[in-house]
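Asks: Take a look at the following structure, please.
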Amino acid sequence: MDFTLDAEEKEVRDWVRTFVRRELIPLEPEVLRRERLGQPGLSHDELRALQLKAKEAGFWGVLTPAEYGGMGLPAVMAALLEGELGKTFVPFRFGGYADNILYHANDEQQQRYLLPTIAGDRRSCFAITEPGAGSDAKNIRATARKDGGEWVINGEKTFITGGNEADFTMVFAVTDKDRGANGGVTCFLVDRDMGWKSEPIDTMGEWGPAALVFDNVRVPEENVLGEVGQGFALAMQWIGQGRYLLPARAIGSCERLVEMAIEQAKTRVTFGAPLADRQAIQWMIADSAVEIEALRWLVLHAAWLVDAKADSRQAQSMAKLYGGVKANEIVDRVLQIHGGMGYTRELPVERWYRELRLLRIYEGTDEIQRRTIARNLLKGHVRLGGIGE
C-alpha cells in the first residue's frame, strides 16, 4: 500500500491544517476559560459559524456521499483530516454529517430526518447504551410495545453523546423479548416533542453526555427505522462505522502534546541545564515519537482496508486499543515533563489528560477490543500478519 498523497490530497490536508491553526487554535484560551466556568467551549451558533466558514471553502460532509451534498472522501483522507483536527481541543467538527444508519431511512423519513440533519437544521443522537447495558449491548432492557398504529416506548438510556442538544434520537428498544438481539430489537426515530426527556451527566472531562428517559412515549409505526426486529444489526453498523477515526484524532492530539513537551524541555532549566539534556526526558520524548508513528500506521492501515471494502474489524480494534492506551501514556509523560505546571489549569495539558482518558472507554472499551482481537485469533477468523487477506 502507498500512502503518498497526490497534489489534490495534499491541498485538502493542508487547508484543514491551516484552518486549525488560523481559526481554531486562537480560540483555545477562551474555550478553556468557559469550560472552567462550567460553560460549553463553543456555543452552537459559534460552531455553526465555523462550519459555514469551512463550507465556503468546500469542506462540508467529509464522509457524506456526494449525492447528498458531501465530499465523500475516502477513509484514509478522513483519517488524515481527523488527525489535523486533533491538534486542538477546540470542540469543532465539520458540518454536513449524518449518522450512517440514517441512510437506511425510507424516502419520507429522509425528508424529515436525514436531509435536515445533513443540512444542520436538525440534531440527532444515537441511543442504545443503558445503565445495565454498556459494552454488553445485547442486554438492553428498554421496551417498545405495539398499541394500534403506535409503539409505546419505556426505558432509560445513558451516556448518550449529543443527547442534551438533540431534537430527535435513534433509540433501540426490545420489541420481542424472546428473540432479543436475534430479531427482537427495533430502532425508532423519536422526536423530542414526542415526550422523551434528557438530563446532563457530569463527567471528569468536557464531554457532556446525557441520560434519556422514555416514559410511555408514543411513536407512530412509520417512525421505525429499517425493519421491525432488525435494529440490532443497525446498531452494530453504527458502532463499527469508523472506529479508526477515534485514534486518528488522538494522533493529532499526541503530536501537539509532544511538541509542547519538546518546547518545555528546551526552555526549562534545572540544576544549571535544560531538561532536554536529561536522558530520562529524552527517553520520554523518544518513546512517544515511536508510539505516535506506530499508531499512525495502524490507523492508516485500518482506513485503507475500509477503502478497499475488506474486513477491517480486526485492524480497527487494534488501532482503537493501541491508540487509547498509548495516547494516555503519552499525555501522562507530557504532564510529567511539565511538572507542577502540567497539573494546573493554566496549561491545557490536564484538559487533554481528561479528554484522552475517555478514548479507552467509549465506543468499545480496551477490554472489549482485546476480547475481539483475541477471539478472532483463537477462532481462526484472522491470523497474525494476515489482516486484509
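How things are named: the first chain in the C-alpha cells is A, the next is B, and so on; residues count from 1 in each chain; ligands count from 1 in the order shown.
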Using only C-alpha atoms, which protein or nucleic acid residues come within 12 Å of Gly95 of chain A? Drop anything in the same chain fewer than 5 positions from it, and give the result as JSON, numbers by chain.
Replies: {"A": [44, 47, 48, 49, 50, 51, 52, 53, 54, 55, 56, 58, 59, 60, 61, 62, 63, 64, 69, 70, 71, 116, 117, 118, 119, 120, 121, 122, 123]}
Asks: Contacts of Gln336 of chain A at 12 Å or less, counting only C-alpha atoms, minus same-chain residues fewer than 6 places along, as a ChimeraX atom specification?
Replies: /A:257-258,260-261,264-265,275,280-281,284-285,329-330,342-344,349-350,353
Asks: To test your reading of the structure, identify every residue in segment 153-352 of chain A that backbone DSSP assigns to helix (DSSP H, G or I), and report it as a PyMOL selection string.
Replies: chain A and resi 192-194+221-223+231-239+245-267+275-277+279-307+313-338+340-343+349-352
Asks: Might you pull out every residue within 7 Å of Trp151 of chain A, with only C-alpha atoms counted and same-chain residues fewer than 5 positions away left off, and present them as a PDB file with C-alpha atoms, in the first residue's frame?
Replies:
ATOM      1  CA  ALA A 144     -41.424  -0.921  22.795  1.00  0.00           C
ATOM      2  CA  ARG A 145     -44.968  -2.298  22.869  1.00  0.00           C
ATOM      3  CA  LYS A 146     -47.296  -2.144  19.865  1.00  0.00           C
ATOM      4  CA  ARG A 218     -45.834   7.021  21.857  1.00  0.00           C
ATOM      5  CA  VAL A 219     -44.234   6.744  18.429  1.00  0.00           C
ATOM      6  CA  PRO A 220     -46.100   6.205  15.138  1.00  0.00           C
ATOM      7  CA  GLU A 221     -45.243   2.986  13.355  1.00  0.00           C
TER       8      GLU A 221
END
Asks: If we count only C-alpha atoms, what is near Val174 of chain A at a cut-off of 7 Å, once residues fewer than 3 positions away on the same chain are taken out, given as a ChimeraX atom specification?
Replies: /A:141-144,177,180,184-186
Asks: In Å to one decimal, how far is atom CA of Ala310 of chain A from atom CA of Arg375 of chain A?
Replies: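 Those two atoms sit 18.9 Å apart.
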Asks: With only C-alpha atoms as the counted atoms, please give the residues lying no more than 12 Å from Ala315 of chain A, apart from itself and same-chain residues fewer than 5 positions off, as a PyMOL selection string.
Replies: chain A and resi 240+242-244+247+295+297-306+310+320-323+369-370+372-373+376+382-389
Asks: With only C-alpha atoms as the atoms that count, which of A:Ala173, A:Leu189, A:Leu245, A:Met236 lies nearest to Val76 of chain A?
Replies: A:Leu245
Asks: For Ala248 of chain A, find every residue with an atom within 6 Å (counting only C-alpha atoms), except residues of its own chain fewer than 3 positions away, and show them as a list in words.
Replies: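 Residues near the query, excluding close chain neighbours: Ala79, Glu82, Gly83, Leu245 and Ile251 of chain A.
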Asks: Hey, what does DSSP flag as strand (DSSP E or B) within segment 42-251 of chain A? Can you give it to me as a VMD selection string?
Replies: chain A and resid 124 to 127 130 133 143 to 147 150 to 160 168 to 174 185 to 191 197 to 200 210 to 220 224 to 225 230
Asks: With distances taken over only C-alpha atoms, which of A:Leu5, A:Ile361, A:Ala289, A:Cys254 is nearest to Asp332 of chain A?
Replies: A:Cys254
Asks: Report the distance between atom CA of Asp287 of chain A and atom CA of Lys326 of chain A in Å, rounded to one decimal place.
Replies: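 Pair atom CA of Asp287 of chain A / atom CA of Lys326 of chain A returns 10.0 Å.
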Asks: Could you tell me which of A:Asn106, A:Ser124, A:Ser43, A:Asn154 comes closest to Met170 of chain A if we count only C-alpha atoms?
Replies: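 Looking at the shortest contact to Met170 of chain A, the residue is A:Ser124.
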